[in-house]
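The structure appears below as structure tokens.
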Amino acid sequence: MNTRNIEFDSLSHIFSHSQISTFKSCPQQYKIIYLDGTRKSKESIEAFMGKRVHETLEWLYKEENRSRPYITFDRLCQIYDGYWVDRWHREIYIAYPLRGSDFYYSIGKRCLANYYNLYGPTFNQSVKETEVYLNFKIGEYNFRGIIDRLDSSDPGVWVVHDYKTSKRAKTERQAINDMQLALYQIAVEQNYGPVNEISLKWHFLRHGVEVNVKHSKEQIDKLKSKLIKMASKISGAMDDENNFIPKESILCNWCYLWEECTAKVGANPVRRAD
């Protein structure tokens, strides 16, 4: 894990891609998590599986592993199995009752197999850092982000990698309109300057698909304006609790804040994993 910081004028509120996305999907969930500070150990089986895959790929690019002539897929599976067992807890839930934990475990294994087939067994990519925590500013607002992997083959040339274990892969058009990696581009420009070139790579691991995009200065400037408006809207909403009304959708099936939510009664009725 690596952390880089630029100087902040104020640490009163720091925004992230997750916070912006949460506010857009459900303002009340934003309030409960980020303003009330409610944190729970509950998580979905999909989130649990995704974290274990990310941890395994982070292990793969540790400095001592990058110096190895090769790494077998069996070894990668051993690491994944170890993380799965060590991190397992009783607050993991499954929204689809007919699918047990083994189903999601196998999806994680498939994600790793797809990645291994593309890059193994040598894994000699020009990796600079993994799990990079970055602080940066957009306008007057403070932001932070975590980059899964950051590569650099030449001075000033960077590739931002993001691993996805989601069910659907994005098209190139969808990827270029997604703010997450574009947000990370801004972070890299502020923390690793001078920057000559940045490309953004999405790894849709479940499908073995990769999407590469590059943003022009004009596209980044438009994104900055959009993010400033969103941050301003959230900041302005804090003056009145009525601005944080719940927005019910299918995403409620993966939410474990039902006890705190004014639109729900009792706990989320999903099945707890075995």
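Residue numbers start at 1 in each chain; chains themselves are named A, B, ... in the order of the structure tokens; ligands are numbered from 1 in the order shown.
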Discussion item. List the spatial neighbours of segment 108-122 of chain A as number ranges by chain - criterion: any atom at most 8 Å away, only C-alpha atoms, same-chain residues fewer than 4 positions off excluded.
Written reply: A: 49-50, 52-53, 68-73, 76-77, 80, 104, 165, 205-208
Discussion item. Which residues are close to segment 86-98 of chain A, i.e. within 7 Å by only C-alpha atoms, leaving aside same-chain residues fewer than 3 positions away? Reply as a PyMOL selection string.
Written reply: chain A and resi 41-45+82-83+253-254+270-273
Fill in: Neighbour list for segment 190-203 of chain A as a PyMOL selection string, cut-off 6 Å, only C-alpha atoms, skip fewer than 4 positions in-chain
chain A and resi 156-164+210-214
Discussion item. Please determine, counting only C-alpha atoms, which residue among A:Asn124, A:Glu260, A:Gln28, A:Leu134 has the shortest atom-to-atom distance to Glu63 of chain A.
Written reply: A:Asn124
Item to complete: Counting only C-alpha atoms, figure out which residue out of A:Tyr184, A:Ser126, A:Met179, A:Asn242 gets nearest to Lys226 of chain A.
Response: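 Among A:Tyr184, A:Ser126, A:Met179, A:Asn242, it is A:Met179 that comes nearest to Lys226 of chain A.
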Item to complete: Name the closest residue to Asp102 of chain A among the candidates A:Ile250, A:Asp221, A:Asn177, A:Asp274; distances are taken between atoms, counting only C-alpha atoms.
Response: A:Asp274
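Atom CA of Lys24 of chain A is positioned 13.5 Å from atom CA of Ser235 of chain A.
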Report as an mmCIF file with all heavy atoms, in the first residue's frame: the residues of segment 158-259 of chain A with a DSSP assignment of helix (DSSP H, G or I), based on the backbone of this structure.
```cif
data_model
loop_
_atom_site.group_PDB
_atom_site.id
_atom_site.type_symbol
_atom_site.label_atom_id
_atom_site.label_comp_id
_atom_site.auth_asym_id
_atom_site.auth_seq_id
_atom_site.Cartn_x
_atom_site.Cartn_y
_atom_site.Cartn_z
ATOM 1 N N GLU A 172 -16.223 0.339 -24.815
ATOM 2 C CA GLU A 172 -15.270 1.460 -24.831
ATOM 3 C C GLU A 172 -16.002 2.789 -24.645
ATOM 4 O O GLU A 172 -15.515 3.685 -23.944
ATOM 5 C CB GLU A 172 -14.493 1.467 -26.139
ATOM 6 C CG GLU A 172 -13.415 2.547 -26.188
ATOM 7 C CD GLU A 172 -12.569 2.466 -27.440
ATOM 8 O OE1 GLU A 172 -12.637 1.448 -28.141
ATOM 9 O OE2 GLU A 172 -11.844 3.454 -27.718
ATOM 10 N N ARG A 173 -17.167 2.916 -25.239
ATOM 11 C CA ARG A 173 -17.956 4.148 -25.099
ATOM 12 C C ARG A 173 -18.371 4.360 -23.646
ATOM 13 O O ARG A 173 -18.292 5.468 -23.118
ATOM 14 C CB ARG A 173 -19.184 4.079 -26.005
ATOM 15 C CG ARG A 173 -20.062 5.329 -25.966
ATOM 16 C CD ARG A 173 -21.320 5.128 -26.803
ATOM 17 N NE ARG A 173 -22.163 6.308 -26.787
ATOM 18 C CZ ARG A 173 -22.055 7.326 -27.630
ATOM 19 N NH1 ARG A 173 -21.119 7.303 -28.568
ATOM 20 N NH2 ARG A 173 -22.863 8.373 -27.552
ATOM 21 N N GLN A 174 -18.829 3.292 -22.993
ATOM 22 C CA GLN A 174 -19.221 3.395 -21.585
ATOM 23 C C GLN A 174 -18.018 3.724 -20.711
ATOM 24 O O GLN A 174 -18.116 4.525 -19.774
ATOM 25 C CB GLN A 174 -19.866 2.087 -21.128
ATOM 26 C CG GLN A 174 -21.236 1.821 -21.717
ATOM 27 C CD GLN A 174 -21.746 0.426 -21.406
ATOM 28 O OE1 GLN A 174 -20.961 -0.532 -21.309
ATOM 29 N NE2 GLN A 174 -23.046 0.282 -21.244
ATOM 30 N N ALA A 175 -16.881 3.107 -21.019
ATOM 31 C CA ALA A 175 -15.678 3.333 -20.215
ATOM 32 C C ALA A 175 -15.191 4.764 -20.318
ATOM 33 O O ALA A 175 -14.784 5.362 -19.322
ATOM 34 C CB ALA A 175 -14.575 2.365 -20.640
ATOM 35 N N ILE A 176 -15.247 5.335 -21.503
ATOM 36 C CA ILE A 176 -14.729 6.691 -21.671
ATOM 37 C C ILE A 176 -15.648 7.716 -21.021
ATOM 38 O O ILE A 176 -15.228 8.833 -20.695
ATOM 39 C CB ILE A 176 -14.508 7.013 -23.167
ATOM 40 C CG1 ILE A 176 -13.437 8.091 -23.309
ATOM 41 C CG2 ILE A 176 -15.807 7.432 -23.849
ATOM 42 C CD1 ILE A 176 -12.880 8.229 -24.692
ATOM 43 N N ASN A 177 -16.919 7.344 -20.801
ATOM 44 C CA ASN A 177 -17.856 8.243 -20.132
ATOM 45 C C ASN A 177 -17.942 7.995 -18.627
ATOM 46 O O ASN A 177 -18.656 8.712 -17.925
ATOM 47 C CB ASN A 177 -19.254 8.096 -20.740
ATOM 48 C CG ASN A 177 -19.336 8.690 -22.136
ATOM 49 O OD1 ASN A 177 -18.761 9.742 -22.398
ATOM 50 N ND2 ASN A 177 -20.038 8.016 -23.033
ATOM 51 N N MET A 179 -16.609 8.149 -14.865
ATOM 52 C CA MET A 179 -15.750 9.140 -14.218
ATOM 53 C C MET A 179 -14.642 8.532 -13.359
ATOM 54 O O MET A 179 -13.678 9.217 -13.024
ATOM 55 C CB MET A 179 -16.587 10.086 -13.343
ATOM 56 C CG MET A 179 -17.124 9.474 -12.077
ATOM 57 S SD MET A 179 -17.826 10.704 -10.942
ATOM 58 C CE MET A 179 -19.183 11.351 -11.921
ATOM 59 N N GLN A 180 -14.732 7.243 -12.991
ATOM 60 C CA GLN A 180 -13.807 6.710 -11.994
ATOM 61 C C GLN A 180 -12.341 6.819 -12.407
ATOM 62 O O GLN A 180 -11.528 7.435 -11.711
ATOM 63 C CB GLN A 180 -14.133 5.260 -11.662
ATOM 64 C CG GLN A 180 -13.241 4.693 -10.563
ATOM 65 C CD GLN A 180 -13.522 3.233 -10.260
ATOM 66 O OE1 GLN A 180 -14.305 2.580 -10.946
ATOM 67 N NE2 GLN A 180 -12.873 2.727 -9.232
ATOM 68 N N LEU A 181 -11.979 6.220 -13.545
ATOM 69 C CA LEU A 181 -10.567 6.247 -13.925
ATOM 70 C C LEU A 181 -10.141 7.618 -14.415
ATOM 71 O O LEU A 181 -8.966 7.993 -14.274
ATOM 72 C CB LEU A 181 -10.285 5.184 -14.987
ATOM 73 C CG LEU A 181 -10.434 3.734 -14.553
ATOM 74 C CD1 LEU A 181 -9.696 2.805 -15.502
ATOM 75 C CD2 LEU A 181 -9.947 3.500 -13.140
ATOM 76 N N ALA A 182 -11.078 8.380 -14.969
ATOM 77 C CA ALA A 182 -10.752 9.758 -15.334
ATOM 78 C C ALA A 182 -10.410 10.568 -14.086
ATOM 79 O O ALA A 182 -9.520 11.424 -14.103
ATOM 80 C CB ALA A 182 -11.921 10.394 -16.084
ATOM 81 N N LEU A 183 -11.121 10.277 -13.001
ATOM 82 C CA LEU A 183 -10.812 10.915 -11.717
ATOM 83 C C LEU A 183 -9.402 10.550 -11.272
ATOM 84 O O LEU A 183 -8.647 11.390 -10.783
ATOM 85 C CB LEU A 183 -11.839 10.460 -10.678
ATOM 86 C CG LEU A 183 -11.927 11.206 -9.352
ATOM 87 C CD1 LEU A 183 -12.380 12.635 -9.569
ATOM 88 C CD2 LEU A 183 -12.886 10.503 -8.406
ATOM 89 N N TYR A 184 -9.015 9.285 -11.472
ATOM 90 C CA TYR A 184 -7.674 8.848 -11.110
ATOM 91 C C TYR A 184 -6.612 9.489 -12.003
ATOM 92 O O TYR A 184 -5.468 9.683 -11.576
ATOM 93 C CB TYR A 184 -7.584 7.330 -11.177
ATOM 94 C CG TYR A 184 -8.477 6.611 -10.191
ATOM 95 C CD1 TYR A 184 -8.774 5.259 -10.348
ATOM 96 C CD2 TYR A 184 -9.027 7.273 -9.104
ATOM 97 C CE1 TYR A 184 -9.584 4.601 -9.450
ATOM 98 C CE2 TYR A 184 -9.853 6.622 -8.208
ATOM 99 C CZ TYR A 184 -10.134 5.288 -8.383
ATOM 100 O OH TYR A 184 -10.948 4.642 -7.490
ATOM 101 N N GLN A 185 -6.987 9.797 -13.246
ATOM 102 C CA GLN A 185 -6.034 10.497 -14.116
ATOM 103 C C GLN A 185 -5.686 11.854 -13.525
ATOM 104 O O GLN A 185 -4.521 12.253 -13.513
ATOM 105 C CB GLN A 185 -6.620 10.675 -15.518
ATOM 106 C CG GLN A 185 -5.711 11.485 -16.434
ATOM 107 C CD GLN A 185 -6.165 11.487 -17.876
ATOM 108 O OE1 GLN A 185 -6.855 10.574 -18.329
ATOM 109 N NE2 GLN A 185 -5.790 12.508 -18.630
ATOM 110 N N ILE A 186 -6.686 12.564 -13.036
ATOM 111 C CA ILE A 186 -6.443 13.857 -12.394
ATOM 112 C C ILE A 186 -5.519 13.675 -11.197
ATOM 113 O O ILE A 186 -4.595 14.466 -10.966
ATOM 114 C CB ILE A 186 -7.783 14.490 -11.963
ATOM 115 C CG1 ILE A 186 -8.665 14.750 -13.182
ATOM 116 C CG2 ILE A 186 -7.544 15.782 -11.184
ATOM 117 C CD1 ILE A 186 -10.092 15.133 -12.846
ATOM 118 N N ALA A 187 -5.757 12.611 -10.419
ATOM 119 C CA ALA A 187 -4.925 12.336 -9.242
ATOM 120 C C ALA A 187 -3.477 12.093 -9.625
ATOM 121 O O ALA A 187 -2.548 12.599 -8.977
ATOM 122 C CB ALA A 187 -5.488 11.129 -8.488
ATOM 123 N N VAL A 188 -3.239 11.320 -10.686
ATOM 124 C CA VAL A 188 -1.873 11.024 -11.120
ATOM 125 C C VAL A 188 -1.187 12.294 -11.621
ATOM 126 O O VAL A 188 -0.015 12.544 -11.311
ATOM 127 C CB VAL A 188 -1.878 9.941 -12.219
ATOM 128 C CG1 VAL A 188 -0.494 9.775 -12.837
ATOM 129 C CG2 VAL A 188 -2.347 8.608 -11.636
ATOM 130 N N GLU A 189 -1.926 13.107 -12.374
ATOM 131 C CA GLU A 189 -1.340 14.341 -12.896
ATOM 132 C C GLU A 189 -0.871 15.254 -11.766
ATOM 133 O O GLU A 189 0.161 15.931 -11.890
ATOM 134 C CB GLU A 189 -2.359 15.063 -13.774
ATOM 135 C CG GLU A 189 -2.609 14.374 -15.109
ATOM 136 C CD GLU A 189 -3.745 15.003 -15.889
ATOM 137 O OE1 GLU A 189 -4.530 15.777 -15.286
ATOM 138 O OE2 GLU A 189 -3.855 14.730 -17.093
ATOM 139 N N GLN A 190 -1.617 15.288 -10.663
ATOM 140 C CA GLN A 190 -1.252 16.165 -9.555
ATOM 141 C C GLN A 190 -0.155 15.572 -8.665
ATOM 142 O O GLN A 190 0.604 16.315 -8.046
ATOM 143 C CB GLN A 190 -2.487 16.480 -8.708
ATOM 144 C CG GLN A 190 -3.489 17.370 -9.414
ATOM 145 C CD GLN A 190 -4.608 17.836 -8.504
ATOM 146 O OE1 GLN A 190 -4.458 17.871 -7.281
ATOM 147 N NE2 GLN A 190 -5.736 18.184 -9.095
ATOM 148 N N ASN A 191 -0.059 14.261 -8.598
ATOM 149 C CA ASN A 191 0.885 13.620 -7.685
ATOM 150 C C ASN A 191 2.170 13.139 -8.344
ATOM 151 O O ASN A 191 3.157 12.894 -7.646
ATOM 152 C CB ASN A 191 0.213 12.434 -6.990
ATOM 153 C CG ASN A 191 -0.736 12.864 -5.889
ATOM 154 O OD1 ASN A 191 -0.334 13.063 -4.750
ATOM 155 N ND2 ASN A 191 -2.019 13.016 -6.229
ATOM 156 N N LYS A 217 -7.512 16.698 -22.869
ATOM 157 C CA LYS A 217 -7.590 17.761 -21.870
ATOM 158 C C LYS A 217 -9.009 18.315 -21.795
ATOM 159 O O LYS A 217 -9.515 18.636 -20.707
ATOM 160 C CB LYS A 217 -6.600 18.869 -22.208
ATOM 161 C CG LYS A 217 -6.574 19.993 -21.168
ATOM 162 C CD LYS A 217 -5.590 21.075 -21.551
ATOM 163 C CE LYS A 217 -5.516 22.157 -20.471
ATOM 164 N NZ LYS A 217 -6.836 22.777 -20.207
ATOM 165 N N GLU A 218 -9.663 18.436 -22.947
ATOM 166 C CA GLU A 218 -11.031 18.960 -22.969
ATOM 167 C C GLU A 218 -11.980 18.043 -22.206
ATOM 168 O O GLU A 218 -12.857 18.519 -21.459
ATOM 169 C CB GLU A 218 -11.507 19.123 -24.420
ATOM 170 C CG GLU A 218 -10.825 20.225 -25.197
ATOM 171 C CD GLU A 218 -9.395 19.892 -25.591
ATOM 172 O OE1 GLU A 218 -9.061 18.684 -25.645
ATOM 173 O OE2 GLU A 218 -8.606 20.838 -25.826
ATOM 174 N N GLN A 219 -11.821 16.732 -22.367
ATOM 175 C CA GLN A 219 -12.676 15.776 -21.648
ATOM 176 C C GLN A 219 -12.433 15.859 -20.145
ATOM 177 O O GLN A 219 -13.381 15.805 -19.347
ATOM 178 C CB GLN A 219 -12.410 14.356 -22.161
ATOM 179 C CG GLN A 219 -12.925 14.103 -23.561
ATOM 180 C CD GLN A 219 -12.454 12.771 -24.122
ATOM 181 O OE1 GLN A 219 -11.297 12.374 -23.938
ATOM 182 N NE2 GLN A 219 -13.346 12.066 -24.805
ATOM 183 N N ILE A 220 -11.179 15.982 -19.752
ATOM 184 C CA ILE A 220 -10.851 16.088 -18.324
ATOM 185 C C ILE A 220 -11.405 17.379 -17.741
ATOM 186 O O ILE A 220 -11.932 17.404 -16.619
ATOM 187 C CB ILE A 220 -9.330 15.991 -18.107
ATOM 188 C CG1 ILE A 220 -8.840 14.569 -18.455
ATOM 189 C CG2 ILE A 220 -8.968 16.341 -16.669
ATOM 190 C CD1 ILE A 220 -9.408 13.480 -17.569
ATOM 191 N N ASP A 221 -11.316 18.471 -18.500
ATOM 192 C CA ASP A 221 -11.854 19.745 -18.016
ATOM 193 C C ASP A 221 -13.366 19.665 -17.823
ATOM 194 O O ASP A 221 -13.909 20.218 -16.856
ATOM 195 C CB ASP A 221 -11.509 20.871 -18.995
ATOM 196 C CG ASP A 221 -10.030 21.257 -18.944
ATOM 197 O OD1 ASP A 221 -9.368 20.897 -17.942
ATOM 198 O OD2 ASP A 221 -9.552 21.896 -19.895
ATOM 199 N N LYS A 222 -14.052 18.984 -18.726
ATOM 200 C CA LYS A 222 -15.503 18.808 -18.575
ATOM 201 C C LYS A 222 -15.822 17.984 -17.331
ATOM 202 O O LYS A 222 -16.770 18.283 -16.596
ATOM 203 C CB LYS A 222 -16.082 18.128 -19.818
ATOM 204 C CG LYS A 222 -16.173 19.021 -21.032
ATOM 205 C CD LYS A 222 -16.791 18.278 -22.215
ATOM 206 C CE LYS A 222 -16.886 19.180 -23.441
ATOM 207 N NZ LYS A 222 -17.469 18.463 -24.616
ATOM 208 N N LEU A 223 -15.025 16.943 -17.101
ATOM 209 C CA LEU A 223 -15.230 16.113 -15.919
ATOM 210 C C LEU A 223 -15.008 16.932 -14.647
ATOM 211 O O LEU A 223 -15.778 16.817 -13.687
ATOM 212 C CB LEU A 223 -14.282 14.921 -15.934
ATOM 213 C CG LEU A 223 -14.309 14.057 -14.667
ATOM 214 C CD1 LEU A 223 -15.643 13.332 -14.541
ATOM 215 C CD2 LEU A 223 -13.160 13.068 -14.646
ATOM 216 N N LYS A 224 -13.974 17.760 -14.640
ATOM 217 C CA LYS A 224 -13.712 18.580 -13.472
ATOM 218 C C LYS A 224 -14.900 19.486 -13.167
ATOM 219 O O LYS A 224 -15.311 19.623 -12.002
ATOM 220 C CB LYS A 224 -12.453 19.421 -13.688
ATOM 221 C CG LYS A 224 -11.151 18.630 -13.635
ATOM 222 C CD LYS A 224 -9.952 19.548 -13.868
ATOM 223 C CE LYS A 224 -8.647 18.783 -13.773
ATOM 224 N NZ LYS A 224 -7.469 19.654 -14.032
ATOM 225 N N SER A 225 -15.469 20.086 -14.187
ATOM 226 C CA SER A 225 -16.636 20.957 -13.986
ATOM 227 C C SER A 225 -17.809 20.166 -13.417
ATOM 228 O O SER A 225 -18.509 20.629 -12.507
ATOM 229 C CB SER A 225 -17.042 21.601 -15.322
ATOM 230 O OG SER A 225 -16.026 22.443 -15.807
ATOM 231 N N LYS A 226 -18.004 18.951 -13.923
ATOM 232 C CA LYS A 226 -19.091 18.103 -13.443
ATOM 233 C C LYS A 226 -18.884 17.711 -11.984
ATOM 234 O O LYS A 226 -19.821 17.739 -11.175
ATOM 235 C CB LYS A 226 -19.178 16.845 -14.318
ATOM 236 C CG LYS A 226 -20.325 15.913 -13.978
ATOM 237 C CD LYS A 226 -20.363 14.740 -14.949
ATOM 238 C CE LYS A 226 -21.505 13.787 -14.618
ATOM 239 N NZ LYS A 226 -21.546 12.636 -15.562
ATOM 240 N N LEU A 227 -17.655 17.380 -11.629
ATOM 241 C CA LEU A 227 -17.346 16.977 -10.257
ATOM 242 C C LEU A 227 -17.470 18.144 -9.287
ATOM 243 O O LEU A 227 -17.920 17.979 -8.150
ATOM 244 C CB LEU A 227 -15.948 16.375 -10.192
ATOM 245 C CG LEU A 227 -15.810 14.987 -10.812
ATOM 246 C CD1 LEU A 227 -14.343 14.634 -11.008
ATOM 247 C CD2 LEU A 227 -16.493 13.936 -9.954
ATOM 248 N N ILE A 228 -17.077 19.319 -9.730
ATOM 249 C CA ILE A 228 -17.222 20.505 -8.882
ATOM 250 C C ILE A 228 -18.701 20.768 -8.604
ATOM 251 O O ILE A 228 -19.088 21.090 -7.472
ATOM 252 C CB ILE A 228 -16.557 21.722 -9.550
ATOM 253 C CG1 ILE A 228 -15.033 21.576 -9.495
ATOM 254 C CG2 ILE A 228 -16.986 23.023 -8.873
ATOM 255 C CD1 ILE A 228 -14.280 22.614 -10.315
ATOM 256 N N LYS A 229 -19.548 20.599 -9.620
ATOM 257 C CA LYS A 229 -20.989 20.790 -9.423
ATOM 258 C C LYS A 229 -21.546 19.759 -8.446
ATOM 259 O O LYS A 229 -22.377 20.078 -7.588
ATOM 260 C CB LYS A 229 -21.712 20.694 -10.763
ATOM 261 C CG LYS A 229 -21.484 21.882 -11.677
ATOM 262 C CD LYS A 229 -22.226 21.709 -13.006
ATOM 263 C CE LYS A 229 -21.971 22.896 -13.928
ATOM 264 N NZ LYS A 229 -22.648 22.740 -15.247
ATOM 265 N N MET A 230 -21.097 18.489 -8.588
ATOM 266 C CA MET A 230 -21.571 17.435 -7.687
ATOM 267 C C MET A 230 -21.114 17.690 -6.257
ATOM 268 O O MET A 230 -21.901 17.559 -5.301
ATOM 269 C CB MET A 230 -21.068 16.069 -8.154
ATOM 270 C CG MET A 230 -21.794 15.500 -9.365
ATOM 271 S SD MET A 230 -23.559 15.194 -9.037
ATOM 272 C CE MET A 230 -23.464 14.075 -7.640
ATOM 273 N N ALA A 231 -19.854 18.059 -6.080
ATOM 274 C CA ALA A 231 -19.334 18.334 -4.736
ATOM 275 C C ALA A 231 -20.062 19.523 -4.120
ATOM 276 O O ALA A 231 -20.380 19.527 -2.923
ATOM 277 C CB ALA A 231 -17.830 18.590 -4.802
ATOM 278 N N SER A 232 -20.348 20.533 -4.937
ATOM 279 C CA SER A 232 -21.072 21.700 -4.450
ATOM 280 C C SER A 232 -22.496 21.326 -4.041
ATOM 281 O O SER A 232 -23.015 21.800 -3.022
ATOM 282 C CB SER A 232 -21.100 22.778 -5.536
ATOM 283 O OG SER A 232 -21.865 23.888 -5.127
ATOM 284 N N LYS A 233 -23.126 20.464 -4.831
ATOM 285 C CA LYS A 233 -24.488 20.025 -4.523
ATOM 286 C C LYS A 233 -24.534 19.255 -3.209
ATOM 287 O O LYS A 233 -25.422 19.473 -2.371
ATOM 288 C CB LYS A 233 -25.020 19.149 -5.658
ATOM 289 C CG LYS A 233 -26.464 18.683 -5.460
ATOM 290 C CD LYS A 233 -26.938 17.880 -6.657
ATOM 291 C CE LYS A 233 -28.386 17.421 -6.467
ATOM 292 N NZ LYS A 233 -28.856 16.641 -7.650
ATOM 293 N N ILE A 234 -23.567 18.370 -3.003
ATOM 294 C CA ILE A 234 -23.523 17.590 -1.762
ATOM 295 C C ILE A 234 -23.245 18.501 -0.576
ATOM 296 O O ILE A 234 -23.882 18.391 0.476
ATOM 297 C CB ILE A 234 -22.450 16.486 -1.863
ATOM 298 C CG1 ILE A 234 -22.835 15.472 -2.938
ATOM 299 C CG2 ILE A 234 -22.289 15.779 -0.514
ATOM 300 C CD1 ILE A 234 -21.764 14.446 -3.238
ATOM 301 N N SER A 235 -22.292 19.411 -0.752
ATOM 302 C CA SER A 235 -21.968 20.336 0.336
ATOM 303 C C SER A 235 -23.166 21.188 0.707
ATOM 304 O O SER A 235 -23.450 21.420 1.890
ATOM 305 C CB SER A 235 -20.788 21.227 -0.065
ATOM 306 O OG SER A 235 -19.628 20.466 -0.282
ATOM 307 N N GLY A 236 -23.905 21.645 -0.301
ATOM 308 C CA GLY A 236 -25.089 22.448 -0.042
ATOM 309 C C GLY A 236 -26.201 21.670 0.609
ATOM 310 O O GLY A 236 -26.983 22.209 1.409
ATOM 311 N N ALA A 237 -26.279 20.368 0.311
ATOM 312 C CA ALA A 237 -27.341 19.535 0.870
ATOM 313 C C ALA A 237 -27.185 19.302 2.363
ATOM 314 O O ALA A 237 -28.145 18.964 3.057
ATOM 315 C CB ALA A 237 -27.384 18.193 0.144
ATOM 316 N N GLU A 241 -31.540 18.040 6.328
ATOM 317 C CA GLU A 241 -31.657 16.585 6.243
ATOM 318 C C GLU A 241 -32.661 16.141 5.184
ATOM 319 O O GLU A 241 -32.604 15.016 4.690
ATOM 320 C CB GLU A 241 -32.067 16.015 7.604
ATOM 321 C CG GLU A 241 -30.960 16.035 8.640
ATOM 322 C CD GLU A 241 -31.291 15.181 9.841
ATOM 323 O OE1 GLU A 241 -32.356 14.535 9.832
ATOM 324 O OE2 GLU A 241 -30.476 15.143 10.780
ATOM 325 N N ASN A 242 -33.595 17.008 4.829
ATOM 326 C CA ASN A 242 -34.592 16.664 3.819
ATOM 327 C C ASN A 242 -33.973 16.504 2.430
ATOM 328 O O ASN A 242 -34.634 16.014 1.510
ATOM 329 C CB ASN A 242 -35.686 17.734 3.773
ATOM 330 C CG ASN A 242 -36.533 17.742 5.038
ATOM 331 O OD1 ASN A 242 -36.808 16.690 5.612
ATOM 332 N ND2 ASN A 242 -36.942 18.928 5.482
ATOM 333 N N ASN A 243 -32.733 16.920 2.283
ATOM 334 C CA ASN A 243 -32.041 16.740 1.005
ATOM 335 C C ASN A 243 -31.489 15.328 0.843
ATOM 336 O O ASN A 243 -30.952 14.995 -0.212
ATOM 337 C CB ASN A 243 -30.890 17.748 0.894
ATOM 338 C CG ASN A 243 -31.378 19.174 0.765
ATOM 339 O OD1 ASN A 243 -32.378 19.433 0.092
ATOM 340 N ND2 ASN A 243 -30.689 20.103 1.408
ATOM 341 N N ILE A 250 -33.435 -1.544 -7.161
ATOM 342 C CA ILE A 250 -32.985 -2.929 -6.994
ATOM 343 C C ILE A 250 -31.707 -3.001 -6.175
ATOM 344 O O ILE A 250 -31.401 -4.031 -5.561
ATOM 345 C CB ILE A 250 -32.786 -3.600 -8.377
ATOM 346 C CG1 ILE A 250 -32.608 -5.117 -8.222
ATOM 347 C CG2 ILE A 250 -31.611 -2.967 -9.109
ATOM 348 C CD1 ILE A 250 -32.572 -5.875 -9.531
ATOM 349 N N LEU A 251 -30.958 -1.884 -6.110
ATOM 350 C CA LEU A 251 -29.723 -1.860 -5.318
ATOM 351 C C LEU A 251 -29.989 -2.035 -3.832
ATOM 352 O O LEU A 251 -29.074 -2.379 -3.075
ATOM 353 C CB LEU A 251 -28.976 -0.546 -5.566
ATOM 354 C CG LEU A 251 -28.478 -0.313 -6.997
ATOM 355 C CD1 LEU A 251 -27.837 1.063 -7.106
ATOM 356 C CD2 LEU A 251 -27.505 -1.395 -7.419
ATOM 357 N N CYS A 252 -31.223 -1.822 -3.405
ATOM 358 C CA CYS A 252 -31.564 -2.017 -1.994
ATOM 359 C C CYS A 252 -31.313 -3.461 -1.549
ATOM 360 O O CYS A 252 -31.084 -3.721 -0.362
ATOM 361 C CB CYS A 252 -33.032 -1.653 -1.742
ATOM 362 S SG CYS A 252 -33.411 0.099 -1.971
ATOM 363 N N ASN A 253 -31.338 -4.404 -2.504
ATOM 364 C CA ASN A 253 -31.101 -5.812 -2.162
ATOM 365 C C ASN A 253 -29.687 -6.058 -1.661
ATOM 366 O O ASN A 253 -29.416 -7.063 -1.022
ATOM 367 C CB ASN A 253 -31.365 -6.712 -3.378
ATOM 368 C CG ASN A 253 -32.824 -6.721 -3.786
ATOM 369 O OD1 ASN A 253 -33.703 -6.512 -2.959
ATOM 370 N ND2 ASN A 253 -33.091 -6.952 -5.057
ATOM 371 N N TRP A 254 -28.771 -5.131 -1.957
ATOM 372 C CA TRP A 254 -27.379 -5.278 -1.522
ATOM 373 C C TRP A 254 -27.032 -4.309 -0.385
ATOM 374 O O TRP A 254 -25.876 -4.158 -0.050
ATOM 375 C CB TRP A 254 -26.434 -5.053 -2.704
ATOM 376 C CG TRP A 254 -26.427 -6.191 -3.664
ATOM 377 C CD1 TRP A 254 -25.568 -7.261 -3.685
ATOM 378 C CD2 TRP A 254 -27.318 -6.405 -4.763
ATOM 379 N NE1 TRP A 254 -25.873 -8.110 -4.716
ATOM 380 C CE2 TRP A 254 -26.953 -7.612 -5.405
ATOM 381 C CE3 TRP A 254 -28.411 -5.693 -5.281
ATOM 382 C CZ2 TRP A 254 -27.613 -8.116 -6.519
ATOM 383 C CZ3 TRP A 254 -29.077 -6.193 -6.382
ATOM 384 C CH2 TRP A 254 -28.668 -7.393 -6.994
#
```
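When only C-alpha atoms are used to measure the gap to Cys255 of chain A, the shortest distance among A:Gly37, A:Gly145, A:Gly100, A:Pro269 belongs to A:Pro269.
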Fill in: Between atom CA of Phe244 of chain A and atom CA of Ser16 of chain A, distance in Å (one decimal)
17.9 Å
Discussion item. Need to verify the contact set: Phe15 of chain A, 9 Å, only C-alpha atoms, exclusion of same-chain residues closer than 2 positions in sequence. Can you return it as an MDAnalysis selection string?
Written reply: chainID A and resid 13 17:20 141:145 231
Response to the item:
In terms of only C-alpha atoms, the residue from A:Ile138, A:Cys261, A:Leu60, A:Leu35 at minimal distance from Gln125 of chain A is A:Leu60
Fill in: Top pick for closest residue to Lys62 of chain A, considering A:Glu46, A:Glu259, A:Glu129, A:Asp36 and counting only C-alpha atoms
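So, comparing all the options, the nearest one is A:Glu129.
Atom CA of Leu57 of chain A is positioned 16.6 Å from atom CA of Val85 of chain A.
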Item to complete: Pull the strand (DSSP E or B) assignments for segment 41-238 of chain A out of DSSP run on the backbone, and list those residues as a PyMOL selection string.
Response: chain A and resi 43-44+92-94+127-138+141-154+157-164+197-204+209-213
Item to complete: Identify, on the basis of only C-alpha atoms, every residue whose closest approach to Ala263 of chain A does not exceed 8 Å; exclude the query and any residue fewer than 4 positions from it along the same chain; express the result as an MDAnalysis selection string.
Response: chainID A and resid 246 248 258
